[in-house]
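*Asks:* So here's data-v8.cif, just mmCIF, C-alpha atoms and all ligand atoms:
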```
data_my_file
#
loop_
_atom_site.label_atom_id
_atom_site.label_comp_id
_atom_site.auth_asym_id
_atom_site.auth_seq_id
_atom_site.Cartn_x
_atom_site.Cartn_y
_atom_site.Cartn_z
CA MET A 1 103.74 91.89 47.74
CA SER A 2 100.05 91.44 46.91
CA PRO A 3 98.29 93.82 44.53
CA PRO A 4 96.01 96.45 46.12
CA SER A 5 92.65 95.03 47.11
CA VAL A 6 89.44 95.80 45.27
CA ILE A 7 88.39 97.98 48.20
CA GLU A 8 91.56 100.09 48.03
CA GLN A 9 91.09 100.63 44.31
CA HIS A 10 87.40 101.38 44.50
CA PRO A 11 86.68 104.75 42.87
CA SER A 12 84.13 105.77 45.52
CA LEU A 13 86.79 105.62 48.24
CA THR A 14 88.09 109.11 47.60
CA PRO A 15 89.27 111.37 50.45
CA THR A 16 85.81 112.96 50.50
CA THR A 17 83.99 109.71 51.32
CA PRO A 18 82.14 110.29 54.62
CA VAL A 19 83.84 108.83 57.64
CA ALA A 20 81.70 106.66 59.92
CA LEU A 21 81.10 107.77 63.48
CA SER A 22 79.94 105.50 66.28
CA TYR A 23 80.02 105.23 70.05
CA GLU A 24 80.19 102.37 72.52
CA LEU A 25 77.87 102.30 75.54
CA PHE A 26 77.42 99.70 78.24
CA PRO A 27 74.16 98.76 79.99
CA PRO A 28 73.78 100.67 83.28
CA ARG A 29 74.12 98.76 86.54
CA THR A 30 72.04 101.04 88.79
CA PRO A 31 69.06 103.40 88.36
CA ARG A 32 71.41 106.36 88.99
CA ALA A 33 73.80 105.14 86.30
CA ALA A 34 70.82 104.76 83.96
CA GLU A 35 69.80 108.36 84.55
CA SER A 36 73.25 109.70 83.72
CA LEU A 37 73.51 107.33 80.74
CA TRP A 38 70.35 108.80 79.26
CA THR A 39 71.79 112.31 79.53
CA THR A 40 74.81 110.99 77.63
CA ILE A 41 72.64 109.29 75.02
CA LYS A 42 70.72 112.51 74.35
CA GLU A 43 74.00 114.44 73.96
CA LEU A 44 75.48 111.82 71.63
CA GLU A 45 72.30 111.75 69.57
CA THR A 46 72.85 115.40 68.62
CA THR A 47 75.95 114.33 66.64
CA SER A 48 73.96 111.97 64.37
CA PRO A 49 76.27 108.95 64.69
CA ASP A 50 75.86 106.05 62.27
CA TYR A 51 75.24 103.66 65.15
CA VAL A 52 75.85 103.17 68.87
CA SER A 53 77.07 99.84 70.11
CA VAL A 54 75.84 98.27 73.36
CA THR A 55 78.14 95.85 75.17
CA TYR A 56 77.06 92.43 76.43
CA GLY A 57 78.51 90.62 79.44
CA ALA A 58 80.48 87.44 78.79
CA SER A 59 78.13 84.44 79.21
CA GLY A 60 75.17 86.83 78.92
CA SER A 61 75.57 88.06 82.50
CA ASN A 62 73.68 91.31 81.75
CA LYS A 63 71.40 90.10 78.99
CA GLY A 64 68.26 91.70 80.46
CA THR A 65 69.71 95.21 80.87
CA ALA A 66 71.48 95.02 77.50
CA ILE A 67 68.29 94.11 75.64
CA GLU A 68 66.29 96.69 77.58
CA LEU A 69 68.77 99.44 76.65
CA ILE A 70 68.79 98.38 72.99
CA SER A 71 65.02 98.28 72.94
CA ARG A 72 64.77 101.80 74.41
CA LEU A 73 67.34 103.11 71.93
CA GLN A 74 65.17 101.68 69.17
CA SER A 75 61.92 103.13 70.44
CA GLU A 76 62.93 106.40 72.13
CA THR A 77 65.78 107.77 70.01
CA THR A 78 66.85 108.20 66.42
CA LEU A 79 69.96 106.10 67.14
CA ARG A 80 70.65 102.80 65.44
CA PRO A 81 71.91 100.20 67.92
CA LEU A 82 74.64 97.68 67.19
CA ALA A 83 74.17 94.85 69.70
CA HIS A 84 77.32 93.17 71.01
CA LEU A 85 76.75 89.47 71.57
CA THR A 86 79.17 87.06 73.25
CA CYS A 87 79.09 83.30 72.80
CA VAL A 88 81.50 81.92 75.39
CA GLY A 89 79.81 79.29 77.60
CA ASN A 90 76.53 79.40 75.66
CA THR A 91 74.91 76.75 73.51
CA PRO A 92 73.70 77.43 69.96
CA HIS A 93 70.13 77.02 71.19
CA GLU A 94 70.52 79.69 73.91
CA LEU A 95 72.24 82.05 71.51
CA ALA A 96 69.75 81.52 68.70
CA LEU A 97 67.01 82.63 71.11
CA VAL A 98 68.91 85.84 71.92
CA ILE A 99 69.62 86.53 68.24
CA GLY A 100 65.92 86.01 67.49
CA GLU A 101 64.97 88.35 70.32
CA LEU A 102 67.33 91.03 68.98
CA LEU A 103 65.96 90.71 65.45
CA ASP A 104 62.41 90.85 66.79
CA ILE A 105 63.00 94.22 68.45
CA GLY A 106 64.37 95.55 65.19
CA VAL A 107 68.13 95.16 65.61
CA ARG A 108 69.91 94.83 62.28
CA GLY A 109 73.52 94.97 63.44
CA ILE A 110 75.30 92.50 65.74
CA LEU A 111 78.94 92.54 66.90
CA ALA A 112 79.80 88.84 67.14
CA LEU A 113 82.28 88.20 69.96
CA ARG A 114 83.59 85.30 71.92
CA GLY A 115 83.71 87.31 75.17
CA ASP A 116 86.38 87.17 77.83
CA LYS A 117 86.59 83.81 79.51
CA PRO A 118 85.15 84.01 83.05
CA LYS A 119 87.89 83.83 85.72
CA ASP A 120 86.09 81.19 87.82
CA ALA A 121 85.48 79.20 84.65
CA GLN A 122 82.78 76.58 85.11
CA PRO A 123 82.99 73.82 82.51
CA SER A 124 81.02 74.91 79.43
CA PRO A 125 77.81 73.04 78.63
CA ALA A 126 78.08 70.41 75.90
CA GLY A 127 78.03 71.99 72.46
CA ALA A 128 78.81 75.52 73.75
CA LEU A 129 80.35 77.76 71.09
CA ARG A 130 84.10 78.32 71.35
CA TYR A 131 84.95 81.15 68.99
CA ALA A 132 83.41 84.31 67.56
CA GLN A 133 83.53 82.64 64.15
CA ASP A 134 81.03 80.01 65.38
CA LEU A 135 78.70 82.82 66.44
CA ILE A 136 78.87 84.45 63.00
CA ASP A 137 77.84 81.12 61.46
CA LEU A 138 74.94 80.90 63.90
CA ILE A 139 73.78 84.50 63.24
CA ARG A 140 73.81 83.79 59.51
CA ARG A 141 71.74 80.62 60.04
CA VAL A 142 69.14 82.42 62.16
CA GLU A 143 69.07 85.21 59.58
CA GLN A 144 68.49 82.72 56.80
CA ARG A 145 65.56 81.16 58.64
CA ARG A 146 64.01 84.62 59.01
CA SER A 147 64.85 85.73 55.53
CA ALA A 148 61.23 86.58 54.70
CA LEU A 149 60.87 88.72 57.83
CA LEU A 150 64.00 90.62 56.88
CA CYS A 151 62.70 91.16 53.31
CA ALA A 152 65.71 89.06 52.31
CA GLY A 153 67.90 91.87 53.72
CA LYS A 154 71.08 91.23 55.64
CA VAL A 155 72.02 91.67 59.25
CA ALA A 156 75.31 93.59 59.46
CA VAL A 157 77.73 91.41 61.43
CA GLY A 158 80.78 93.01 63.00
CA VAL A 159 83.73 91.38 64.74
CA ALA A 160 86.67 92.34 66.94
CA ALA A 161 90.13 93.00 65.48
CA TYR A 162 93.40 93.49 67.34
CA PRO A 163 96.04 96.14 66.58
CA SER A 164 98.33 94.35 69.07
CA ARG A 165 98.34 90.60 69.57
CA HIS A 166 95.29 89.19 71.36
CA PRO A 167 96.54 88.04 74.80
CA GLU A 168 95.69 84.38 74.08
CA SER A 169 96.99 84.37 70.53
CA PRO A 170 100.45 83.03 69.59
CA SER A 171 101.16 85.88 67.14
CA GLU A 172 99.79 88.88 65.26
CA GLU A 173 99.81 86.69 62.13
CA HIS A 174 97.49 84.24 63.86
CA ASP A 175 95.16 87.14 64.74
CA ILE A 176 95.02 88.01 61.04
CA GLU A 177 94.21 84.41 60.10
CA VAL A 178 91.36 84.51 62.62
CA LEU A 179 90.12 87.82 61.20
CA LEU A 180 90.24 86.37 57.69
CA ALA A 181 88.30 83.31 58.89
CA LYS A 182 85.68 85.61 60.45
CA GLN A 183 85.40 87.47 57.15
CA ARG A 184 84.93 84.17 55.30
CA SER A 185 82.16 83.21 57.73
CA GLY A 186 80.30 86.38 56.85
CA ALA A 187 81.65 89.27 58.94
CA ASP A 188 80.89 92.60 57.29
CA PHE A 189 83.17 94.87 59.28
CA ALA A 190 85.52 94.91 62.26
CA ILE A 191 86.05 97.26 65.19
CA THR A 192 89.42 97.27 66.88
CA GLN A 193 90.44 96.79 70.44
CA VAL A 194 91.87 99.95 72.04
CA PHE A 195 95.37 100.87 70.96
CA PHE A 196 97.68 103.64 72.08
CA HIS A 197 100.20 103.97 69.24
CA ALA A 198 99.29 105.05 65.72
CA ASP A 199 101.55 102.45 64.09
CA GLN A 200 99.60 99.63 65.80
CA TYR A 201 96.45 100.45 63.80
CA ALA A 202 98.38 101.11 60.57
CA GLY A 203 100.23 97.79 61.06
CA LEU A 204 96.97 95.89 61.55
CA LEU A 205 95.50 97.43 58.41
CA HIS A 206 98.59 96.58 56.42
CA ARG A 207 98.78 92.96 57.62
CA ALA A 208 95.04 92.46 57.12
CA ARG A 209 94.94 93.84 53.57
CA ARG A 210 98.02 91.85 52.59
CA ALA A 211 96.31 88.67 53.82
CA GLY A 212 93.12 89.37 51.87
CA VAL A 213 90.92 90.95 54.54
CA THR A 214 88.78 93.46 52.66
CA ILE A 215 86.12 94.41 55.23
CA PRO A 216 86.27 97.86 56.85
CA ILE A 217 88.40 97.86 60.01
CA ILE A 218 87.21 100.68 62.23
CA PRO A 219 89.58 101.90 64.93
CA GLY A 220 88.18 101.85 68.46
CA VAL A 221 89.47 104.96 70.20
CA MET A 222 89.09 105.80 73.89
CA PRO A 223 89.39 109.34 75.24
CA MET A 224 92.75 109.00 77.02
CA THR A 225 92.06 111.43 79.84
CA SER A 226 92.26 109.25 82.95
CA VAL A 227 95.37 107.47 84.24
CA ARG A 228 93.20 105.10 86.26
CA ARG A 229 91.10 104.13 83.24
CA LEU A 230 94.12 103.74 80.98
CA ASN A 231 95.74 101.41 83.52
CA ARG A 232 92.52 99.40 83.89
CA LEU A 233 92.03 99.13 80.14
CA GLY A 234 95.67 98.16 79.77
CA GLU A 235 95.13 95.29 82.23
CA LEU A 236 91.88 94.11 80.64
CA SER A 237 93.03 94.26 77.04
CA GLY A 238 96.68 93.37 77.54
CA VAL A 239 97.61 96.55 75.64
CA ALA A 240 100.11 98.78 77.46
CA PRO A 241 99.29 102.51 77.35
CA SER A 242 102.00 104.83 76.05
CA ALA A 243 104.54 105.47 78.83
CA HIS A 244 105.09 109.01 77.53
CA LEU A 245 101.39 109.85 77.75
CA MET A 246 101.10 108.28 81.21
CA ASP A 247 104.02 110.47 82.40
CA GLN A 248 102.43 113.57 80.89
CA LEU A 249 99.06 112.83 82.50
CA ALA A 250 100.62 112.02 85.87
CA SER A 251 102.62 115.26 85.94
CA ALA A 252 99.72 117.49 84.80
CA SER A 253 99.06 120.46 87.10
CA GLY A 254 95.40 119.55 87.66
CA GLU A 255 92.36 117.83 86.17
CA ALA A 256 91.76 120.44 83.47
CA GLU A 257 95.35 120.14 82.29
CA GLN A 258 95.09 116.33 82.35
CA VAL A 259 91.94 116.45 80.23
CA ARG A 260 93.54 118.86 77.76
CA ILE A 261 96.58 116.58 77.33
CA GLY A 262 94.44 113.44 77.06
CA ILE A 263 92.05 114.93 74.51
CA GLN A 264 94.90 116.19 72.34
CA ALA A 265 96.63 112.78 72.45
CA THR A 266 93.35 111.07 71.49
CA VAL A 267 92.75 113.48 68.62
CA ASP A 268 96.31 112.87 67.37
CA LEU A 269 95.80 109.10 67.56
CA ALA A 270 92.46 109.24 65.73
CA ASN A 271 93.89 111.54 63.04
CA ALA A 272 96.83 109.19 62.55
CA ALA A 273 94.40 106.29 62.13
CA LEU A 274 92.39 108.31 59.58
CA ASP A 275 95.61 109.14 57.71
CA ALA A 276 96.41 105.42 57.65
CA GLY A 277 93.07 104.78 55.93
CA ALA A 278 90.53 104.31 58.73
CA PRO A 279 86.97 104.34 57.33
CA GLY A 280 85.48 105.56 60.60
CA ILE A 281 86.05 106.29 64.26
CA HIS A 282 84.40 104.27 67.04
CA LEU A 283 84.59 106.14 70.34
CA TYR A 284 84.62 104.19 73.58
CA THR A 285 82.57 106.56 75.76
CA PHE A 286 82.46 104.70 79.10
CA ASN A 287 78.92 106.10 79.22
CA GLU A 288 80.21 109.69 79.47
CA HIS A 289 79.71 112.12 76.64
CA ARG A 290 81.89 115.08 77.61
CA HIS A 291 85.32 113.79 76.60
CA ALA A 292 84.02 111.84 73.62
CA LEU A 293 82.44 115.05 72.30
CA ASP A 294 85.60 117.06 73.07
CA VAL A 295 87.48 114.61 70.84
CA LEU A 296 84.83 114.74 68.14
CA ASP A 297 84.78 118.55 68.11
CA ARG A 298 88.50 118.58 67.39
CA LEU A 299 88.34 116.00 64.61
CA ASP A 300 87.47 117.33 61.20
CA LEU A 301 85.42 114.32 60.13
CA PRO A 302 83.76 114.45 56.73
CA ARG A 303 80.26 113.41 57.74
CA PRO A 304 77.08 112.84 55.74
CA ASN A 305 75.05 115.99 55.38
CA ARG A 306 72.40 115.28 58.02
CA ALA A 307 70.37 117.85 59.92
CA ALA A 308 72.80 119.60 62.26
CA VAL A 309 71.38 119.36 65.75
CA ARG A 310 74.55 119.94 67.68
CA PRO A 311 75.28 123.46 68.94
CA ALA A 312 78.62 125.11 68.12
CA PRO A 313 81.41 123.42 70.11
CA GLU A 314 83.18 124.95 73.08
CA LEU A 315 86.65 123.54 72.57
CA VAL A 316 88.91 122.58 75.44
CA SER A 317 91.64 125.23 75.37
P1 LIG B 401 87.74 85.17 68.86
O1 LIG B 401 87.81 85.80 67.53
O2 LIG B 401 86.96 83.92 69.00
O3 LIG B 401 89.24 84.93 69.38
C1 LIG B 401 89.49 84.52 70.71
C2 LIG B 401 90.86 83.83 70.80
O4 LIG B 401 90.76 82.57 70.15
C3 LIG B 401 91.96 84.60 70.09
O5 LIG B 401 93.17 84.40 70.79
C4 LIG B 401 92.03 83.94 68.73
O6 LIG B 401 93.32 84.04 68.18
C5 LIG B 401 91.65 82.50 69.04
N1 LIG B 401 90.91 81.85 67.95
C6 LIG B 401 89.80 82.32 67.35
N2 LIG B 401 89.36 81.45 66.41
C7 LIG B 401 90.23 80.40 66.45
C8 LIG B 401 90.32 79.17 65.75
N3 LIG B 401 89.42 78.84 64.81
N4 LIG B 401 91.35 78.34 66.05
C9 LIG B 401 92.26 78.66 66.99
N5 LIG B 401 92.22 79.81 67.70
C10 LIG B 401 91.22 80.67 67.44
N6 LIG B 401 83.84 91.31 75.57
C11 LIG B 401 82.67 91.14 76.23
O7 LIG B 401 82.57 90.28 77.11
N7 LIG B 401 81.56 91.90 75.92
C12 LIG B 401 81.58 92.86 74.96
O8 LIG B 401 80.57 93.51 74.71
C13 LIG B 401 82.82 93.08 74.26
N8 LIG B 401 82.90 94.00 73.28
C14 LIG B 401 84.06 94.13 72.57
C15 LIG B 401 84.12 95.03 71.51
C16 LIG B 401 85.27 95.18 70.76
C17 LIG B 401 85.31 96.18 69.62
C18 LIG B 401 86.44 94.40 71.08
C19 LIG B 401 87.69 94.57 70.29
C20 LIG B 401 86.40 93.50 72.13
C21 LIG B 401 85.22 93.34 72.88
N9 LIG B 401 85.12 92.43 73.92
C22 LIG B 401 83.94 92.25 74.60
C23 LIG B 401 86.30 91.64 74.32
C24 LIG B 401 86.40 90.30 73.56
O9 LIG B 401 85.30 89.49 73.91
C25 LIG B 401 87.72 89.68 73.97
O10 LIG B 401 88.79 90.38 73.40
C26 LIG B 401 87.84 88.18 73.78
O11 LIG B 401 88.98 87.75 74.52
C27 LIG B 401 88.02 87.74 72.34
O12 LIG B 401 86.90 87.96 71.59
P2 LIG B 401 86.88 87.73 70.00
O13 LIG B 401 85.52 87.97 69.57
O14 LIG B 401 88.00 88.44 69.36
O15 LIG B 401 87.19 86.15 69.98
#
```
Show this structure as structure tokens.
Ligand code: FAD

*Replies:*
Amino acid sequence: MSPPSVIEQHPSLTPTTPVALSYELFPPRTPRAAESLWTTIKELETTSPDYVSVTYGASGSNKGTAIELISRLQSETTLRPLAHLTCVGNTPHELALVIGELLDIGVRGILALRGDKPKDAQPSPAGALRYAQDLIDLIRRVEQRRSALLCAGKVAVGVAAYPSRHPESPSEEHDIEVLLAKQRSGADFAITQVFFHADQYAGLLHRARRAGVTIPIIPGVMPMTSVRRLNRLGELSGVAPSAHLMDQLASASGEAEQVRIGIQATVDLANAALDAGAPGIHLYTFNEHRHALDVLDRLDLPRPNRAAVRPAPELVS
């Protein structure tokens, strides 16, 4: 067994260290969706998260709306955006332009992803990047060229991590090797894919630390209140939702009961991840604030002492 990592032994990592809080949003597809998203953004802003992440379509399919949303977050809110960026099917030149554009509008955090391969896969252009690791290298090169503009500061680069095997990967061990490679290329932190069992996150953390991964691995947690959404996410991510929870949700007496069960299960999962050593919680909001905030209100997160702008919670009973 390997000795504990420097991070585990670090004296500042006491139980009172603040826990990071962040949310995931996706760019709206219609003006109506944009209107409701902005209500959500204003509600989330009251909780003073550390950052909000904005998804990016594979192959840059929604580049315009993603950059527009990030730009508005920068200029119209107090929120700090973390821009997702996918590299699949794109050349270094195309991606370097997008990275430059993001840095120009003030973005200082990028989640470097490969992106899901498009189903009707066209052959990639010559030189297109293949893996998230290639994108980290590219971000670091663009950053270096703009070092003076960044006052020699760093862009925070995040990556994806997988509590259960990535669908295309031969094994969980391979996933850890990939995560370690991404760390070596300059990843600063990781956010996990959704998971539905506490031991999946704890197992990932254990395997990663044993292999020498020292970056923070933040659990991505979705409010598990909708059977339809859990099934859809299960299909997309290849991660099967808990059969027990699905039974409970399906046999709930009505929507309110379903929400109560789902929120409690999500709070239990997040608390188990925190007990396992999670340095933060990243909430997948699906552009809706109500259930994300219900979860947050029931988590006792030690947060930095920022101005409290959120009114007293009305807990789901
Ligand atoms: P990679 O790390 O490149 O891994 C992809 C596959 O290649 C894995 O099977 C891995 O094992 C393998 N691999 C990687 N490197 C090597 C190597 N050097 N040699 C051999 N095999 C290798 N998708 C979107 O389209 N837009 C988003 O905004 C988005 N946001 C996400 C946010 C989070 C927090 C997470 C967890 C996922 C997100 N995804 C998003 C989904 C993600 O793009 C997919 O899971 C994708 O299939 C893999 O992305 P990756 O960055 O992990 O890829």

*Asks:* Write out, as CSV, each residue of chain A that has an atom at most 7 Å from ligand LIG 401 (chain B), together with the closest pair of atoms and their distance in Å to one decimal, counting all atoms listed in the file, rows going by chain and rising number.

*Replies:*
```
residue,atom,partner,partner_atom,distance
A:Val54,CA,B:LIG401,O8,6.8
A:Thr55,CA,B:LIG401,O8,3.4
A:Tyr56,CA,B:LIG401,O8,4.1
A:Gly57,CA,B:LIG401,O7,4.7
A:Ala58,CA,B:LIG401,O7,3.9
A:His84,CA,B:LIG401,O8,4.9
A:Leu85,CA,B:LIG401,O8,6.4
A:Thr86,CA,B:LIG401,N7,6.0
A:Ala112,CA,B:LIG401,O13,6.3
A:Leu113,CA,B:LIG401,O13,3.3
A:Arg114,CA,B:LIG401,O13,4.0
A:Gly115,CA,B:LIG401,O9,3.0
A:Asp116,CA,B:LIG401,O11,4.2
A:Lys117,CA,B:LIG401,O11,6.8
A:Arg130,CA,B:LIG401,O2,6.7
A:Tyr131,CA,B:LIG401,O2,3.4
A:Ala132,CA,B:LIG401,O2,3.9
A:Gln133,CA,B:LIG401,O2,6.1
A:Val159,CA,B:LIG401,O13,6.2
A:Ala160,CA,B:LIG401,C19,4.2
A:Ala161,CA,B:LIG401,C19,5.6
A:Tyr162,CA,B:LIG401,C19,6.5
A:His166,CA,B:LIG401,O5,5.3
A:Pro167,CA,B:LIG401,O5,6.4
A:Glu168,CA,B:LIG401,O5,4.1
A:Ser169,CA,B:LIG401,O5,3.8
A:His174,CA,B:LIG401,O6,6.0
A:Asp175,CA,B:LIG401,O6,5.0
A:Val178,CA,B:LIG401,N2,5.3
A:Ile191,CA,B:LIG401,C17,4.6
A:Thr192,CA,B:LIG401,C19,4.7
A:Gln193,CA,B:LIG401,C19,3.5
A:Gly220,CA,B:LIG401,C17,6.5
A:Ser237,CA,B:LIG401,O10,6.8
```

*Asks:* So, with all atoms listed in the file as the atoms that count, which of A:Thr78, A:Asn62, A:Ser242, A:Thr17 lies closest to Thr47 (chain A)?

*Replies:* A:Thr78

*Asks:* Find the residue from A:Arg229, A:Asn90, A:Glu43, A:Ile105 that sits nearest to Arg72 (chain A); use all atoms listed in the file when measuring.

*Replies:* A:Ile105

*Asks:* Which residue out of A:Arg184, A:Lys119, A:Arg303, A:Arg80 has the minimum interatomic distance to Ser59 (chain A) when all atoms listed in the file are used?

*Replies:* A:Lys119

*Asks:* Counting all atoms listed in the file, find residues at most 9 Å from (92.2, 113.5, 79.7) (file frame) and give them as a VMD selection string.

*Replies:* chain A and resid 223 to 227 249 255 to 266 291

*Asks:* Could you jot down the CA of Leu111 (chain A) to CA of Pro31 (chain A) separation for me, Å, one decimal place?

*Replies:*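 About the pair CA of Leu111 (chain A) and CA of Pro31 (chain A): they are 26.0 Å apart.
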
*Asks:* Do you know which residues are at most 10 Å from Thr285 (chain A) counting only C-alpha atoms, after dropping those on the same chain fewer than 2 positions away, and could you put them as a CSV table (one decimal) with C-alpha atoms, in the coordinates of the input?

*Replies:*
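Okay, part25.csv is ready:
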```csv
chain,number,residue,atom,x,y,z
A,22,SER,CA,79.9,105.5,66.3
A,23,TYR,CA,80.0,105.2,70.0
A,24,GLU,CA,80.2,102.4,72.5
A,25,LEU,CA,77.9,102.3,75.5
A,26,PHE,CA,77.4,99.7,78.2
A,40,THR,CA,74.8,111.0,77.6
A,44,LEU,CA,75.5,111.8,71.6
A,221,VAL,CA,89.5,105.0,70.2
A,222,MET,CA,89.1,105.8,73.9
A,223,PRO,CA,89.4,109.3,75.2
A,282,HIS,CA,84.4,104.3,67.0
A,283,LEU,CA,84.6,106.1,70.3
A,287,ASN,CA,78.9,106.1,79.2
A,288,GLU,CA,80.2,109.7,79.5
A,289,HIS,CA,79.7,112.1,76.6
A,290,ARG,CA,81.9,115.1,77.6
A,291,HIS,CA,85.3,113.8,76.6
A,292,ALA,CA,84.0,111.8,73.6
A,293,LEU,CA,82.4,115.0,72.3
```

*Asks:* Take every atom of region 174-183 of chain A listed in the file, fit an axis-aligned box around them, add 4 Å per side, and give the centre and edge lengths in Å to one decimal as AutoDock Vina command-line options.

*Replies:*
```
--center_x 91.4 --center_y 85.7 --center_z 60.9 --size_x 20.1 --size_y 12.7 --size_z 15.6
```

*Asks:* Which of these residues is nearest to Arg108 (chain A), using all atoms listed in the file: A:Gly153, A:Pro241, A:Pro27, A:Gly212?

*Replies:*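 Looking at the shortest contact to Arg108 (chain A), the residue is A:Gly153.
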
*Asks:* What is the CA of Tyr201 (chain A)-CA of Pro163 (chain A) distance in Å, reported with one decimal?

*Replies:*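 Distance reported for this atom pair: 5.1 Å.
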
*Asks:* Given the choices A:Leu102, A:Leu135, A:Ile281, A:Leu79, which gets closest to Gly64 (chain A) if the distance is worked out from all atoms listed in the file?

*Replies:*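 Of all the options, A:Leu102 lies closest to Gly64 (chain A).
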
*Asks:* Out of A:Gly254, A:Pro279, A:Gly60, A:Gly238, which residue has the shortest atom-to-atom distance to Pro219 (chain A) when counting only C-alpha atoms?

*Replies:* A:Pro279

*Asks:* Compile the contact shell of Leu82 (chain A) as a list in words: residues with an atom at most 6 Å away, counting only C-alpha atoms, same-chain residues fewer than 5 positions apart removed.

*Replies:*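 Residues meeting the cut-off are Val52, Ser53, Gly109 and Ile110 of chain A.
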
*Asks:* Grab the CA of Ser171 (chain A) to CA of Gly186 (chain A) distance for me, in Å with one decimal place.

*Replies:*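 Computing the Euclidean distance for CA of Ser171 (chain A) and CA of Gly186 (chain A) yields 23.3 Å.
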
*Asks:* Show which residues sit within 10 Å of Ala272 (chain A), as a PDB file with C-alpha atoms, keeping the file's coordinate frame. Count all atoms listed in the file, and ignore same-chain residues fewer than 2 positions away.

*Replies:*
```
ATOM      1  CA  HIS A 197     100.200 103.970  69.240  1.00  0.00           C
ATOM      2  CA  ALA A 198      99.290 105.050  65.720  1.00  0.00           C
ATOM      3  CA  ASP A 199     101.550 102.450  64.090  1.00  0.00           C
ATOM      4  CA  TYR A 201      96.450 100.450  63.800  1.00  0.00           C
ATOM      5  CA  ALA A 202      98.380 101.110  60.570  1.00  0.00           C
ATOM      6  CA  THR A 266      93.350 111.070  71.490  1.00  0.00           C
ATOM      7  CA  VAL A 267      92.750 113.480  68.620  1.00  0.00           C
ATOM      8  CA  ASP A 268      96.310 112.870  67.370  1.00  0.00           C
ATOM      9  CA  LEU A 269      95.800 109.100  67.560  1.00  0.00           C
ATOM     10  CA  ALA A 270      92.460 109.240  65.730  1.00  0.00           C
ATOM     11  CA  LEU A 274      92.390 108.310  59.580  1.00  0.00           C
ATOM     12  CA  ASP A 275      95.610 109.140  57.710  1.00  0.00           C
ATOM     13  CA  ALA A 276      96.410 105.420  57.650  1.00  0.00           C
ATOM     14  CA  GLY A 277      93.070 104.780  55.930  1.00  0.00           C
ATOM     15  CA  ALA A 278      90.530 104.310  58.730  1.00  0.00           C
TER      16      ALA A 278
END
```
